[in-house]
Every structure is written in structure tokens, then in C-alpha cells.
$ cat start.csv   # CSV, C-alpha atoms
chain,number,residue,atom,x,y,z
Q,5,MET,CA,101.6,183.7,211.7
Q,6,ALA,CA,105.2,184.7,211.3
Q,7,VAL,CA,105.8,188.3,210.3
Q,8,LEU,CA,109.2,189.8,209.3
Q,9,LEU,CA,110.0,193.4,210.2
Q,10,CYS,CA,112.8,194.5,207.9
Q,11,SER,CA,113.8,198.1,208.0
Q,12,THR,CA,116.9,200.2,207.7
Q,13,SER,CA,115.1,203.1,209.3
Q,14,GLU,CA,116.4,204.5,212.6
Q,15,SER,CA,112.9,203.8,214.1
Q,16,VAL,CA,113.2,200.0,213.5
Q,17,ASN,CA,113.6,199.3,217.3
Q,18,ASP,CA,110.6,201.4,218.1
Q,19,TRP,CA,108.5,199.6,215.5
Q,20,ALA,CA,109.7,196.2,216.8
Q,21,GLU,CA,108.6,197.2,220.4
Q,22,ALA,CA,105.2,198.3,219.1
Q,23,LEU,CA,104.6,195.3,217.0
Q,24,ARG,CA,105.5,192.9,219.8
Q,25,CYS,CA,102.5,194.2,221.7
Q,26,LEU,CA,100.2,192.9,219.0
Q,27,SER,CA,98.6,189.5,219.8
Q,28,GLY,CA,98.8,186.5,217.6
Q,29,ILE,CA,102.0,187.5,215.7
Q,30,ASP,CA,105.3,185.7,215.7
Q,31,LEU,CA,107.5,188.7,215.0
Q,32,ARG,CA,110.9,188.3,213.5
Q,33,VAL,CA,113.2,191.3,213.1
Q,34,TRP,CA,115.8,191.1,210.3
Q,35,PRO,CA,118.4,189.7,210.2
Q,36,ASP,CA,117.2,187.4,213.0
Q,37,ALA,CA,114.5,185.9,210.9
Q,38,GLY,CA,114.8,182.3,211.8
Q,39,ASP,CA,113.4,179.8,209.3
Q,40,LEU,CA,112.6,181.9,206.2
Q,41,THR,CA,110.0,179.3,205.0
Q,42,GLU,CA,107.8,180.3,208.0
Q,43,ILE,CA,107.5,183.9,207.1
Q,44,ASP,CA,104.0,184.8,205.9
Q,45,TYR,CA,104.1,188.6,205.8
Q,46,ALA,CA,106.7,191.3,205.7
Q,47,ILE,CA,106.6,194.8,207.1
Q,48,VAL,CA,109.3,196.9,205.5
Q,49,ALA,CA,111.0,200.3,205.2
Q,50,HIS,CA,113.8,200.1,202.6
Q,51,PRO,CA,114.6,196.5,203.0
Q,52,PRO,CA,118.1,195.4,201.7
Q,53,LEU,CA,118.0,193.9,198.2
Q,54,GLY,CA,117.4,190.2,198.2
Q,55,VAL,CA,115.6,189.9,201.5
Q,56,LEU,CA,112.0,189.8,200.2
Q,57,PRO,CA,112.8,187.4,197.3
Q,58,SER,CA,114.4,185.0,199.9
Q,59,LEU,CA,111.0,184.4,201.6
Q,60,PRO,CA,109.5,181.5,199.6
Q,61,ASN,CA,106.0,181.6,201.2
Q,62,LEU,CA,105.6,185.4,201.3
Q,63,LYS,CA,101.9,186.3,201.0
Q,64,ALA,CA,102.0,190.1,201.2
Q,65,VAL,CA,104.2,193.1,201.9
Q,66,GLN,CA,103.2,196.0,204.0
Q,67,SER,CA,105.1,199.2,203.4
Q,68,LEU,CA,105.7,201.6,206.3
Q,69,TRP,CA,106.0,204.4,203.9
Q,70,ALA,CA,103.5,205.9,201.4
Q,71,GLY,CA,106.0,205.3,198.6
Q,72,ILE,CA,106.8,201.8,197.4
Q,73,GLU,CA,109.9,202.3,195.3
Q,74,HIS,CA,112.0,200.9,198.2
Q,75,ILE,CA,110.2,197.6,197.6
Q,76,THR,CA,109.8,197.4,193.8
Q,77,ARG,CA,113.5,198.3,193.3
Q,78,ASP,CA,114.2,194.7,194.1
Q,79,LYS,CA,113.6,193.2,190.6
Q,80,ASP,CA,113.8,189.6,192.0
Q,81,LEU,CA,110.7,190.0,194.1
Q,82,ASP,CA,107.9,187.8,192.8
Q,83,PRO,CA,105.6,190.2,190.8
Q,84,THR,CA,102.5,188.4,192.1
Q,85,VAL,CA,103.2,189.2,195.8
Q,86,PRO,CA,100.7,191.9,196.8
Q,87,ILE,CA,102.2,195.2,198.2
Q,88,LEU,CA,100.2,197.5,200.5
Q,89,ARG,CA,101.4,201.1,200.7
Q,90,MET,CA,100.9,202.9,204.0
Q,91,ILE,CA,97.7,204.9,204.2
Q,92,ASP,CA,97.3,206.5,207.6
Q,93,PRO,CA,95.8,209.7,208.9
Q,94,GLY,CA,99.2,210.9,210.2
Q,95,LEU,CA,100.8,210.7,206.8
Q,96,THR,CA,97.9,212.4,205.1
Q,97,GLY,CA,97.5,215.2,207.7
Q,98,GLY,CA,101.2,215.9,207.8
Q,99,MET,CA,101.5,216.3,204.1
Q,100,THR,CA,98.5,218.5,203.9
Q,101,GLU,CA,99.8,220.7,206.7
Q,102,TYR,CA,103.2,221.0,204.9
Q,103,VAL,CA,101.9,222.0,201.5
Q,104,THR,CA,99.2,224.3,202.7
Q,105,MET,CA,101.7,226.2,204.9
Q,106,HIS,CA,104.2,226.7,202.0
Q,107,ALA,CA,101.4,227.5,199.5
Q,108,GLN,CA,100.1,230.2,201.8
Q,109,ARG,CA,103.6,231.6,202.1
Q,110,TYR,CA,103.8,232.0,198.4
Q,111,HIS,CA,100.2,233.3,198.2
Q,112,MET,CA,101.1,236.0,200.8
Q,113,LEU,CA,104.3,236.9,198.8
Q,114,ALA,CA,106.6,235.9,201.6
Q,115,HIS,CA,109.2,234.7,199.1
Q,116,GLU,CA,109.3,238.2,197.6
Q,117,PHE,CA,109.5,239.9,201.0
Q,118,ASP,CA,112.3,237.5,202.0
Q,119,LEU,CA,114.4,238.7,199.0
Q,120,GLN,CA,113.6,242.3,199.8
Q,121,GLN,CA,114.9,241.8,203.3
Q,122,GLN,CA,118.1,240.3,202.0
Q,123,GLN,CA,118.5,243.2,199.7
Q,124,GLY,CA,117.4,245.9,202.2
Q,125,THR,CA,114.7,247.1,200.0
Q,126,TRP,CA,111.2,248.3,200.8
Q,127,GLN,CA,108.6,247.6,198.1
Q,128,PRO,CA,105.1,247.1,199.4
Q,129,ARG,CA,102.8,244.8,197.5
Q,130,THR,CA,99.3,243.6,198.3
Q,131,PRO,CA,98.7,239.9,197.7
Q,132,PRO,CA,95.3,238.9,196.1
Q,133,LEU,CA,92.6,237.3,198.1
Q,134,ALA,CA,92.7,233.5,198.2
Q,135,SER,CA,89.5,233.5,196.0
Q,136,GLU,CA,91.6,235.2,193.3
Q,137,ARG,CA,94.5,232.8,193.4
Q,138,LYS,CA,94.7,229.6,191.3
Q,139,VAL,CA,96.5,226.6,192.9
Q,140,GLY,CA,97.3,223.4,191.1
Q,141,VAL,CA,97.8,219.9,192.6
Q,142,LEU,CA,99.5,217.2,190.5
Q,143,GLY,CA,98.5,213.8,191.8
Q,144,LEU,CA,95.0,213.2,193.3
Q,145,GLY,CA,95.7,210.1,195.3
Q,146,VAL,CA,95.0,210.0,199.1
Q,147,LEU,CA,97.6,212.7,199.8
Q,148,GLY,CA,96.9,214.9,196.9
Q,149,SER,CA,93.1,214.7,197.2
Q,150,ASP,CA,93.2,215.8,200.8
Q,151,ALA,CA,95.6,218.6,200.1
Q,152,ALA,CA,93.5,219.9,197.2
Q,153,GLN,CA,90.3,219.9,199.2
Q,154,ARG,CA,92.0,221.6,202.1
Q,155,MET,CA,93.2,224.4,199.8
Q,156,ALA,CA,89.7,224.7,198.4
Q,157,ASP,CA,88.4,224.9,201.9
Q,158,LEU,CA,90.7,227.9,202.4
Q,159,GLY,CA,89.1,229.6,199.5
Q,160,PHE,CA,91.6,229.1,196.7
Q,161,GLN,CA,90.6,228.2,193.2
Q,162,VAL,CA,92.0,224.7,193.1
Q,163,HIS,CA,92.8,222.7,190.0
Q,164,GLY,CA,93.9,219.0,190.3
Q,165,TRP,CA,95.5,216.7,187.8
Q,166,SER,CA,95.6,212.9,187.6
Q,167,ARG,CA,96.3,210.3,184.9
Q,168,ARG,CA,92.7,209.2,184.9
Q,169,ALA,CA,89.6,211.3,185.3
Q,170,LYS,CA,88.5,212.0,188.9
Q,171,THR,CA,85.9,214.2,190.6
Q,172,LEU,CA,86.5,216.1,193.8
Q,173,ASP,CA,84.2,218.5,195.6
Q,174,GLY,CA,85.5,222.1,195.2
Q,175,VAL,CA,88.3,221.1,192.8
Q,176,THR,CA,88.4,221.5,189.0
Q,177,CYS,CA,89.9,218.2,187.9
Q,178,HIS,CA,92.0,217.6,184.8
Q,179,HIS,CA,93.5,214.5,183.4
Q,180,GLY,CA,95.7,213.2,180.7
Q,181,ASP,CA,98.3,215.1,178.7
Q,182,ASP,CA,96.0,217.8,177.5
Q,183,GLY,CA,94.6,218.3,181.0
Q,184,LEU,CA,98.1,218.7,182.4
Q,185,PHE,CA,98.8,221.7,180.2
Q,186,ASP,CA,95.3,223.1,180.8
Q,187,LEU,CA,96.2,223.2,184.5
Q,188,LEU,CA,99.8,224.4,184.1
Q,189,GLU,CA,98.8,227.4,182.0
Q,190,GLN,CA,96.5,228.7,184.8
Q,191,VAL,CA,98.0,228.0,188.2
Q,192,GLU,CA,100.3,230.4,190.0
Q,193,ILE,CA,101.2,227.9,192.8
Q,194,LEU,CA,101.9,224.3,191.8
Q,195,ILE,CA,102.0,221.5,194.3
Q,196,CYS,CA,103.6,218.2,193.1
Q,197,LEU,CA,102.5,215.1,195.0
Q,198,LEU,CA,103.0,212.5,192.2
Q,199,PRO,CA,104.7,209.2,192.8
Q,200,ARG,CA,107.7,208.2,190.8
Q,201,THR,CA,106.8,206.2,187.7
Q,202,PRO,CA,108.2,206.1,184.2
Q,203,GLU,CA,105.4,208.5,183.2
Q,204,THR,CA,106.1,211.0,185.9
Q,205,GLU,CA,109.9,211.0,185.9
Q,206,ASN,CA,111.2,214.4,184.5
Q,207,LEU,CA,107.6,215.7,184.2
Q,208,ILE,CA,108.6,219.1,185.4
Q,209,ASP,CA,111.1,220.2,182.7
Q,210,ARG,CA,111.7,223.2,180.5
Q,211,THR,CA,108.5,222.6,178.5
Q,212,THR,CA,106.1,222.3,181.5
Q,213,LEU,CA,107.8,225.1,183.4
Q,214,ASN,CA,107.5,227.5,180.4
Q,215,ALA,CA,103.8,226.6,180.2
Q,216,MET,CA,103.2,228.1,183.7
Q,217,PRO,CA,102.5,231.8,184.2
Q,218,GLU,CA,105.4,234.2,184.8
Q,219,GLY,CA,106.1,234.4,188.5
Q,220,ALA,CA,104.6,231.1,189.4
Q,221,CYS,CA,105.9,229.0,192.4
Q,222,ILE,CA,106.4,225.3,192.8
Q,223,ILE,CA,106.2,223.0,195.9
Q,224,ASN,CA,107.5,219.5,195.4
Q,225,ALA,CA,106.9,216.9,198.1
Q,226,GLY,CA,106.3,214.0,195.8
Q,227,ARG,CA,109.5,212.6,194.4
Q,228,GLY,CA,112.8,214.3,193.4
Q,229,GLU,CA,112.8,212.6,190.1
Q,230,LEU,CA,109.7,214.5,189.0
Q,231,ILE,CA,111.9,217.6,188.4
Q,232,VAL,CA,114.7,218.2,185.9
Q,233,ASP,CA,116.9,220.2,188.3
Q,234,GLU,CA,118.8,222.1,185.6
Q,235,ASP,CA,115.6,223.3,184.0
Q,236,LEU,CA,114.1,224.4,187.3
Q,237,ILE,CA,117.3,226.3,188.2
Q,238,ALA,CA,117.3,228.0,184.8
Q,239,ALA,CA,113.6,229.0,185.2
Q,240,LEU,CA,114.4,230.4,188.7
Q,241,ASP,CA,117.4,232.3,187.5
Q,242,SER,CA,115.4,233.9,184.7
Q,243,GLY,CA,112.6,234.8,187.2
Q,244,HIS,CA,110.0,232.9,185.2
Q,245,ILE,CA,109.5,230.7,188.3
Q,246,ALA,CA,109.6,233.0,191.3
Q,247,GLY,CA,110.1,230.4,194.0
Q,248,ALA,CA,110.5,226.7,194.8
Q,249,THR,CA,110.0,224.7,198.0
Q,250,LEU,CA,111.6,221.3,197.6
Q,251,ASP,CA,111.4,218.5,200.2
Q,252,VAL,CA,112.5,215.6,197.9
Q,253,PHE,CA,115.6,215.2,195.7
Q,254,ARG,CA,117.2,212.8,193.3
Q,255,GLU,CA,120.0,212.2,195.8
Q,256,GLU,CA,119.3,212.3,199.5
Q,257,PRO,CA,120.8,213.7,201.6
Q,258,LEU,CA,121.1,216.6,199.1
Q,259,PRO,CA,124.8,217.0,198.3
Q,260,ALA,CA,126.5,219.9,200.1
Q,261,ASP,CA,127.6,221.5,196.8
Q,262,HIS,CA,124.1,221.4,195.2
Q,263,PRO,CA,123.0,224.8,193.9
Q,264,TYR,CA,119.6,224.4,195.6
Q,265,TRP,CA,121.2,225.0,199.0
Q,266,THR,CA,122.3,228.6,198.2
Q,267,HIS,CA,119.7,229.7,195.6
Q,268,PRO,CA,117.9,232.7,196.9
Q,269,ARG,CA,114.6,231.5,195.4
Q,270,VAL,CA,114.7,228.0,196.8
Q,271,THR,CA,113.6,226.6,200.2
Q,272,VAL,CA,115.1,223.2,201.0
Q,273,THR,CA,113.6,220.9,203.6
Q,274,PRO,CA,115.1,217.5,204.4
Q,275,HIS,CA,112.3,215.1,203.3
Q,276,ILE,CA,110.1,215.8,206.3
Q,277,ALA,CA,106.9,216.9,204.5
Q,278,SER,CA,105.1,213.8,205.8
Q,279,VAL,CA,106.6,211.0,207.8
Q,280,THR,CA,105.2,207.7,209.2
Q,281,ARG,CA,104.3,208.1,212.9
Q,282,ILE,CA,103.9,204.9,214.9
Q,283,SER,CA,101.1,206.5,216.8
Q,284,THR,CA,98.9,206.7,213.8
Q,285,ALA,CA,100.4,204.0,211.5
Q,286,LEU,CA,100.4,201.1,214.0
Q,287,PRO,CA,96.6,200.8,214.1
Q,288,VAL,CA,96.7,200.5,210.2
Q,289,VAL,CA,99.3,197.8,210.3
Q,290,GLU,CA,97.4,195.9,213.1
Q,291,GLN,CA,94.1,196.1,211.2
Q,292,ASN,CA,95.6,194.9,208.0
Q,293,LEU,CA,97.4,191.9,209.8
Q,294,LYS,CA,94.1,191.0,211.5
Q,295,ARG,CA,92.2,191.0,208.3
Q,296,LEU,CA,94.9,188.9,206.6
Q,297,MET,CA,95.0,186.5,209.5
Q,298,SER,CA,91.2,186.1,209.3
Q,299,GLY,CA,91.5,184.9,205.7
Q,300,GLU,CA,90.9,188.1,203.8
Q,301,LYS,CA,92.9,188.6,200.6
Q,302,ALA,CA,95.5,191.3,200.4
Q,303,GLU,CA,93.8,192.4,197.2
Q,304,ASP,CA,90.8,193.5,199.3
Q,305,LEU,CA,92.8,195.7,201.7
Q,306,PRO,CA,93.3,199.5,201.4
Q,307,GLY,CA,96.5,200.6,199.8
Q,308,LEU,CA,96.9,197.7,197.4
Q,309,VAL,CA,99.6,198.7,194.8
Q,310,ASP,CA,98.9,198.4,191.1
Q,311,ARG,CA,102.3,196.9,190.2
Q,312,LYS,CA,101.9,197.8,186.5
Q,313,ALA,CA,101.0,201.5,187.2
Q,314,GLY,CA,103.7,201.7,189.9
Q,315,TYR,CA,101.6,203.1,192.7
$ encode --input "start.csv" --output "C-alpha cells"
Amino acid sequence: MAVLLCSTSESVNDWAEALRCLSGIDLRVWPDAGDLTEIDYAIVAHPPLGVLPSLPNLKAVQSLWAGIEHITRDKDLDPTVPILRMIDPGLTGGMTEYVTMHAQRYHMLAHEFDLQQQQGTWQPRTPPLASERKVGVLGLGVLGSDAAQRMADLGFQVHGWSRRAKTLDGVTCHHGDDGLFDLLEQVEILICLLPRTPETENLIDRTTLNAMPEGACIINAGRGELIVDEDLIAALDSGHIAGATLDVFREEPLPADHPYWTHPRVTVTPHIASVTRISTALPVVEQNLKRLMSGEKAEDLPGLVDRKAGY
């Protein structure tokens, strides 16, 4: 079985070394792909446009990332080729650790005390108990569900939102347009873990921000396109939104002159909320390849992308 590794990530050499240790695989590393008609499967991280459509016998694509826009952006890729997004415990655990840390900072009013320190003021405030704080999670996929349940385990009142109805232990679940505003009107800390789709792009705008309680805070580790930047900055300037932690942006790296860098109520992190670690992701890739080699259909493997839904 010929497998093409095509990645523009700096870890491509490490992945190539790890994959060569797997038995039964004829690994090709782009651009040294050899006869393209021999390629059965592709393992990719932001492949150059045109590479995947050039593989005439491609049976499935395994993403090394949780997101799949780096694959579906190539409009020439056969829409019937199955795509598997990365689902591995390292990605899930890393994301949950990131959002719970920043949610707890906002819960304990660290963002207010940071401003006080900058201003040299002393204004003690007592934060509520976790059981008195409502937290919202937008997106209840693998990452969002784990984060929501971990926040519930910490004692918070957790509300989750998804396009379709879901049920999670310890989480009040909402869905659809009405459910979105039911959630927004209640939660004081909002965690955004949605993928980028036509339905989610610009979801966090003036209308949705105004629906949130005065002094609410936002954590976005989903996609930068979820947020209308100008609307969020206006809400931060007015104080209606008290703080924002942002890990993803419309343009990355974030331009040096972007107002997020210097805004006193914004925390910027460089898209590190959750990254693919070879130590935890390699077993996932190996298992998927073994199942494909044994004759299983890609449609029966975990992480199959619904191309129409976009995730």
C-alpha cells in the first residue's frame, strides 16, 4: 500500500521518520512521490493546492489536524474521496487543559486584577463559587464535549450548544438558532470551539455579543473566522465584554499592527491551544491505516468528515 505524506508543517521530517517505522506501508514523502497512480492514501497537513487532486486512485485522506479546511480548500479534490479528521487523546486533552485554565482565570477575576495592577489600584472583589458561575461551550464535538464535561466536573453550571440536539451528562444542552440565544443570555464565560463553516463564520458579532450579560468573557480556540473582530473590539472598549482570550485568528501569524496585541482586555496566544503530538497521534494513524489495509471502508472509521456539513 502506497501512502503519501504531504505536509508543510515543520514536523514533516519527524512524521516521516515515525511513519517509516510502521510495517506494510510504502511511504512516499511529497514531493518525492514517485508514480502518482500507485498512491492509495494520503496523510496531510496543509498540502499545497493541486497535490491531492493529482492522485487518480486516492481512496482516503487522513488529516493530521482536527480541522479539515486545509484539505477542503482545494476545490479540485474529488468530493467523493473520504476525509478523516484527527481524533486523538493528545488533541482533546490539550484543548481541554487550555480552555479550563483560561476559563478559571476569568472565573477568579484575574483579568480584572491584571488591569488593577497595570493601573496601580487596589479594589478587592470576591469571585463567586464555581457552582454559581454559568459557562457556555459552543460546539459539542469531540473537543467541545470533553471541555464541557470537564468544566462540569469542576462544579460550574455548564451550558453547551450544537446545531443538532445532543445530550451530555452534567451539561445543559441547547441547539439551533433559538438555543444559541438561550445560552448566550445566561453565560458569563463563553468558550468557542466551533469549526469554520458557512453557518459559523461571523457567528460572534454585535448581535450575539450584545445578547451576553454585561461583563462576560470569551475564549476562542475554534477558528478566527467565528468572530467579527471589529464588533468584539467595540464590545471590549465599551466594557460590555470584560475580557477575551484568543488563540485563533483570521490571519495567522496575527499582524504586528493588529489591535488585539495591545488591547488591555485581550490575551493573545499563537494558535497553541491544542496541537497534534506524534506521541499520541501516531497510534491513531497506524490503526486507521491497518483497518483500511484490511479492507474496512473509510466510512466506518472514526473521524469521518461530513463534506456537506463541513466537519
$ closest_residue --input "start.csv" --among "Q:Val175, Q:Met90, Q:Ile245, Q:Ile208" --to "Gly228 in chain Q" --atoms "only C-alpha atoms"
Q:Ile208
$ closest_atom_pairs --input "start.csv" --of "range 12-112 of chain Q" --to "range 272-288 of chain Q" --cutoff "9 Å" --atoms "all atoms listed in the file" --output "JSON lines"
{"residue": "Q:Asp18", "atom": "CA", "partner": "Q:Ile282", "partner_atom": "CA", "distance": 8.2}
{"residue": "Q:Trp19", "atom": "CA", "partner": "Q:Ile282", "partner_atom": "CA", "distance": 7.0}
{"residue": "Q:Ala22", "atom": "CA", "partner": "Q:Leu286", "partner_atom": "CA", "distance": 7.5}
{"residue": "Q:Leu23", "atom": "CA", "partner": "Q:Leu286", "partner_atom": "CA", "distance": 7.8}
{"residue": "Q:Leu68", "atom": "CA", "partner": "Q:Thr280", "partner_atom": "CA", "distance": 6.8}
{"residue": "Q:Trp69", "atom": "CA", "partner": "Q:Thr280", "partner_atom": "CA", "distance": 6.3}
{"residue": "Q:Ala70", "atom": "CA", "partner": "Q:Thr280", "partner_atom": "CA", "distance": 8.2}
{"residue": "Q:Met90", "atom": "CA", "partner": "Q:Ala285", "partner_atom": "CA", "distance": 7.6}
{"residue": "Q:Ile91", "atom": "CA", "partner": "Q:Val288", "partner_atom": "CA", "distance": 7.5}
{"residue": "Q:Asp92", "atom": "CA", "partner": "Q:Ala285", "partner_atom": "CA", "distance": 5.6}
{"residue": "Q:Pro93", "atom": "CA", "partner": "Q:Thr284", "partner_atom": "CA", "distance": 6.5}
{"residue": "Q:Gly94", "atom": "CA", "partner": "Q:Thr284", "partner_atom": "CA", "distance": 5.5}
{"residue": "Q:Leu95", "atom": "CA", "partner": "Q:Ser278", "partner_atom": "CA", "distance": 5.4}
{"residue": "Q:Thr96", "atom": "CA", "partner": "Q:Ser278", "partner_atom": "CA", "distance": 7.4}
{"residue": "Q:Gly97", "atom": "CA", "partner": "Q:Ser278", "partner_atom": "CA", "distance": 8.0}
{"residue": "Q:Gly98", "atom": "CA", "partner": "Q:Ser278", "partner_atom": "CA", "distance": 4.9}
{"residue": "Q:Met99", "atom": "CA", "partner": "Q:Ser278", "partner_atom": "CA", "distance": 4.7}
{"residue": "Q:Thr100", "atom": "CA", "partner": "Q:Ser278", "partner_atom": "CA", "distance": 8.3}
{"residue": "Q:Glu101", "atom": "CA", "partner": "Q:Ala277", "partner_atom": "CA", "distance": 8.3}
{"residue": "Q:Tyr102", "atom": "CA", "partner": "Q:Ala277", "partner_atom": "CA", "distance": 5.5}
{"residue": "Q:Val103", "atom": "CA", "partner": "Q:Ala277", "partner_atom": "CA", "distance": 7.7}
$ residues_near_point --input "start.csv" --point "(93.6, 226.1, 197.3)" --cutoff "10 Å" --atoms "only C-alpha atoms" --output "PDB file with C-alpha atoms, in the coordinates of the input"
ATOM      1  CA  THR Q 104      99.200 224.300 202.700  1.00  0.00           C
ATOM      2  CA  ALA Q 107     101.400 227.500 199.500  1.00  0.00           C
ATOM      3  CA  GLN Q 108     100.100 230.200 201.800  1.00  0.00           C
ATOM      4  CA  HIS Q 111     100.200 233.300 198.200  1.00  0.00           C
ATOM      5  CA  ALA Q 134      92.700 233.500 198.200  1.00  0.00           C
ATOM      6  CA  SER Q 135      89.500 233.500 196.000  1.00  0.00           C
ATOM      7  CA  ARG Q 137      94.500 232.800 193.400  1.00  0.00           C
ATOM      8  CA  LYS Q 138      94.700 229.600 191.300  1.00  0.00           C
ATOM      9  CA  VAL Q 139      96.500 226.600 192.900  1.00  0.00           C
ATOM     10  CA  GLY Q 140      97.300 223.400 191.100  1.00  0.00           C
ATOM     11  CA  VAL Q 141      97.800 219.900 192.600  1.00  0.00           C
ATOM     12  CA  ALA Q 151      95.600 218.600 200.100  1.00  0.00           C
ATOM     13  CA  ALA Q 152      93.500 219.900 197.200  1.00  0.00           C
ATOM     14  CA  GLN Q 153      90.300 219.900 199.200  1.00  0.00           C
ATOM     15  CA  ARG Q 154      92.000 221.600 202.100  1.00  0.00           C
ATOM     16  CA  MET Q 155      93.200 224.400 199.800  1.00  0.00           C
ATOM     17  CA  ALA Q 156      89.700 224.700 198.400  1.00  0.00           C
ATOM     18  CA  ASP Q 157      88.400 224.900 201.900  1.00  0.00           C
ATOM     19  CA  LEU Q 158      90.700 227.900 202.400  1.00  0.00           C
ATOM     20  CA  GLY Q 159      89.100 229.600 199.500  1.00  0.00           C
ATOM     21  CA  PHE Q 160      91.600 229.100 196.700  1.00  0.00           C
ATOM     22  CA  GLN Q 161      90.600 228.200 193.200  1.00  0.00           C
ATOM     23  CA  VAL Q 162      92.000 224.700 193.100  1.00  0.00           C
ATOM     24  CA  HIS Q 163      92.800 222.700 190.000  1.00  0.00           C
ATOM     25  CA  GLY Q 164      93.900 219.000 190.300  1.00  0.00           C
ATOM     26  CA  GLY Q 174      85.500 222.100 195.200  1.00  0.00           C
ATOM     27  CA  VAL Q 175      88.300 221.100 192.800  1.00  0.00           C
ATOM     28  CA  ILE Q 193     101.200 227.900 192.800  1.00  0.00           C
TER      29      ILE Q 193
END
$ atom_distance --input "start.csv" --atom1 "CA of Ile195 in chain Q" --atom2 "CA of Leu305 in chain Q"
28.4 Å
$ atom_distance --input "start.csv" --atom1 "CA of Cys221 in chain Q" --atom2 "CA of Tyr110 in chain Q"
7.0 Å
$ atom_distance --input "start.csv" --atom1 "CA of Thr84 in chain Q" --atom2 "CA of Ser13 in chain Q"
25.9 Å
$ closest_atom_pairs --input "start.csv" --of "range 155-214 of chain Q" --to "range 253-257 of chain Q" --cutoff "12 Å" --atoms "all atoms listed in the file" --output "CSV"
residue,atom,partner,partner_atom,distance
Q:Arg200,CA,Q:Arg254,CA,10.8
Q:Glu205,CA,Q:Arg254,CA,10.5
Q:Asn206,CA,Q:Arg254,CA,10.8
$ residues_around --input "start.csv" --residues "Glu116 in chain Q" --least-positions-apart "5" --cutoff "9 Å" --atoms "only C-alpha atoms" --output "ChimeraX atom specification"
/Q:110,121,246-247,269
$ closest_residue --input "start.csv" --among "Q:Cys196, Q:Met5, Q:Tyr315, Q:Leu187" --to "Asp30 in chain Q" --atoms "only C-alpha atoms"
Q:Met5
$ closest_residue --input "start.csv" --among "Q:Ile29, Q:Ile43, Q:Leu188, Q:Leu194" --to "Thr211 in chain Q" --atoms "all atoms listed in the file"
Q:Leu188
$ closest_residue --input "start.csv" --among "Q:Pro199, Q:Pro268, Q:Pro51, Q:Gly226" --to "Leu119 in chain Q" --atoms "all atoms listed in the file"
Q:Pro268
$ residues_around --input "start.csv" --residues "Ala49 in chain Q" --least-positions-apart "6" --cutoff "10 Å" --atoms "only C-alpha atoms" --output "number ranges by chain"
Q: 9-13, 15-16, 66-69, 71-72, 74-75
$ build_atoms --input "start.csv" --residues "range 266-277 of chain Q" --atoms "N, CA, C and O atoms" --output "PDB file, in the frame of the given file"
ATOM      1  N   THR Q 266     121.952 227.145 198.098  1.00  0.00           N
ATOM      2  CA  THR Q 266     122.300 228.600 198.200  1.00  0.00           C
ATOM      3  C   THR Q 266     121.433 229.449 197.251  1.00  0.00           C
ATOM      4  O   THR Q 266     121.608 230.662 197.225  1.00  0.00           O
ATOM      5  N   HIS Q 267     120.528 228.853 196.499  1.00  0.00           N
ATOM      6  CA  HIS Q 267     119.700 229.700 195.600  1.00  0.00           C
ATOM      7  C   HIS Q 267     118.768 230.529 196.352  1.00  0.00           C
ATOM      8  O   HIS Q 267     118.020 230.033 197.207  1.00  0.00           O
ATOM      9  N   PRO Q 268     118.730 231.828 196.082  1.00  0.00           N
ATOM     10  CA  PRO Q 268     117.900 232.700 196.900  1.00  0.00           C
ATOM     11  C   PRO Q 268     116.388 232.486 196.707  1.00  0.00           C
ATOM     12  O   PRO Q 268     115.595 232.959 197.529  1.00  0.00           O
ATOM     13  N   ARG Q 269     115.989 231.771 195.676  1.00  0.00           N
ATOM     14  CA  ARG Q 269     114.600 231.500 195.400  1.00  0.00           C
ATOM     15  C   ARG Q 269     114.129 230.109 195.799  1.00  0.00           C
ATOM     16  O   ARG Q 269     113.010 229.718 195.489  1.00  0.00           O
ATOM     17  N   VAL Q 270     115.007 229.372 196.464  1.00  0.00           N
ATOM     18  CA  VAL Q 270     114.700 228.000 196.800  1.00  0.00           C
ATOM     19  C   VAL Q 270     114.674 227.794 198.315  1.00  0.00           C
ATOM     20  O   VAL Q 270     115.540 228.280 199.029  1.00  0.00           O
ATOM     21  N   THR Q 271     113.662 227.075 198.782  1.00  0.00           N
ATOM     22  CA  THR Q 271     113.600 226.600 200.200  1.00  0.00           C
ATOM     23  C   THR Q 271     113.773 225.108 200.174  1.00  0.00           C
ATOM     24  O   THR Q 271     113.045 224.386 199.485  1.00  0.00           O
ATOM     25  N   VAL Q 272     114.772 224.640 200.925  1.00  0.00           N
ATOM     26  CA  VAL Q 272     115.100 223.200 201.000  1.00  0.00           C
ATOM     27  C   VAL Q 272     114.613 222.701 202.390  1.00  0.00           C
ATOM     28  O   VAL Q 272     114.931 223.298 203.424  1.00  0.00           O
ATOM     29  N   THR Q 273     113.856 221.605 202.398  1.00  0.00           N
ATOM     30  CA  THR Q 273     113.600 220.900 203.600  1.00  0.00           C
ATOM     31  C   THR Q 273     113.993 219.439 203.453  1.00  0.00           C
ATOM     32  O   THR Q 273     113.930 218.900 202.350  1.00  0.00           O
ATOM     33  N   PRO Q 274     114.466 218.780 204.530  1.00  0.00           N
ATOM     34  CA  PRO Q 274     115.100 217.500 204.400  1.00  0.00           C
ATOM     35  C   PRO Q 274     114.146 216.278 204.440  1.00  0.00           C
ATOM     36  O   PRO Q 274     114.202 215.434 205.326  1.00  0.00           O
ATOM     37  N   HIS Q 275     113.269 216.196 203.440  1.00  0.00           N
ATOM     38  CA  HIS Q 275     112.300 215.100 203.300  1.00  0.00           C
ATOM     39  C   HIS Q 275     111.524 214.848 204.558  1.00  0.00           C
ATOM     40  O   HIS Q 275     111.464 213.732 205.087  1.00  0.00           O
ATOM     41  N   ILE Q 276     110.877 215.911 205.022  1.00  0.00           N
ATOM     42  CA  ILE Q 276     110.100 215.800 206.300  1.00  0.00           C
ATOM     43  C   ILE Q 276     108.643 216.237 206.049  1.00  0.00           C
ATOM     44  O   ILE Q 276     107.896 216.390 207.027  1.00  0.00           O
ATOM     45  N   ALA Q 277     108.237 216.410 204.780  1.00  0.00           N
ATOM     46  CA  ALA Q 277     106.900 216.900 204.500  1.00  0.00           C
ATOM     47  C   ALA Q 277     105.845 215.988 205.181  1.00  0.00           C
ATOM     48  O   ALA Q 277     104.852 216.452 205.741  1.00  0.00           O
TER      49      ALA Q 277
END
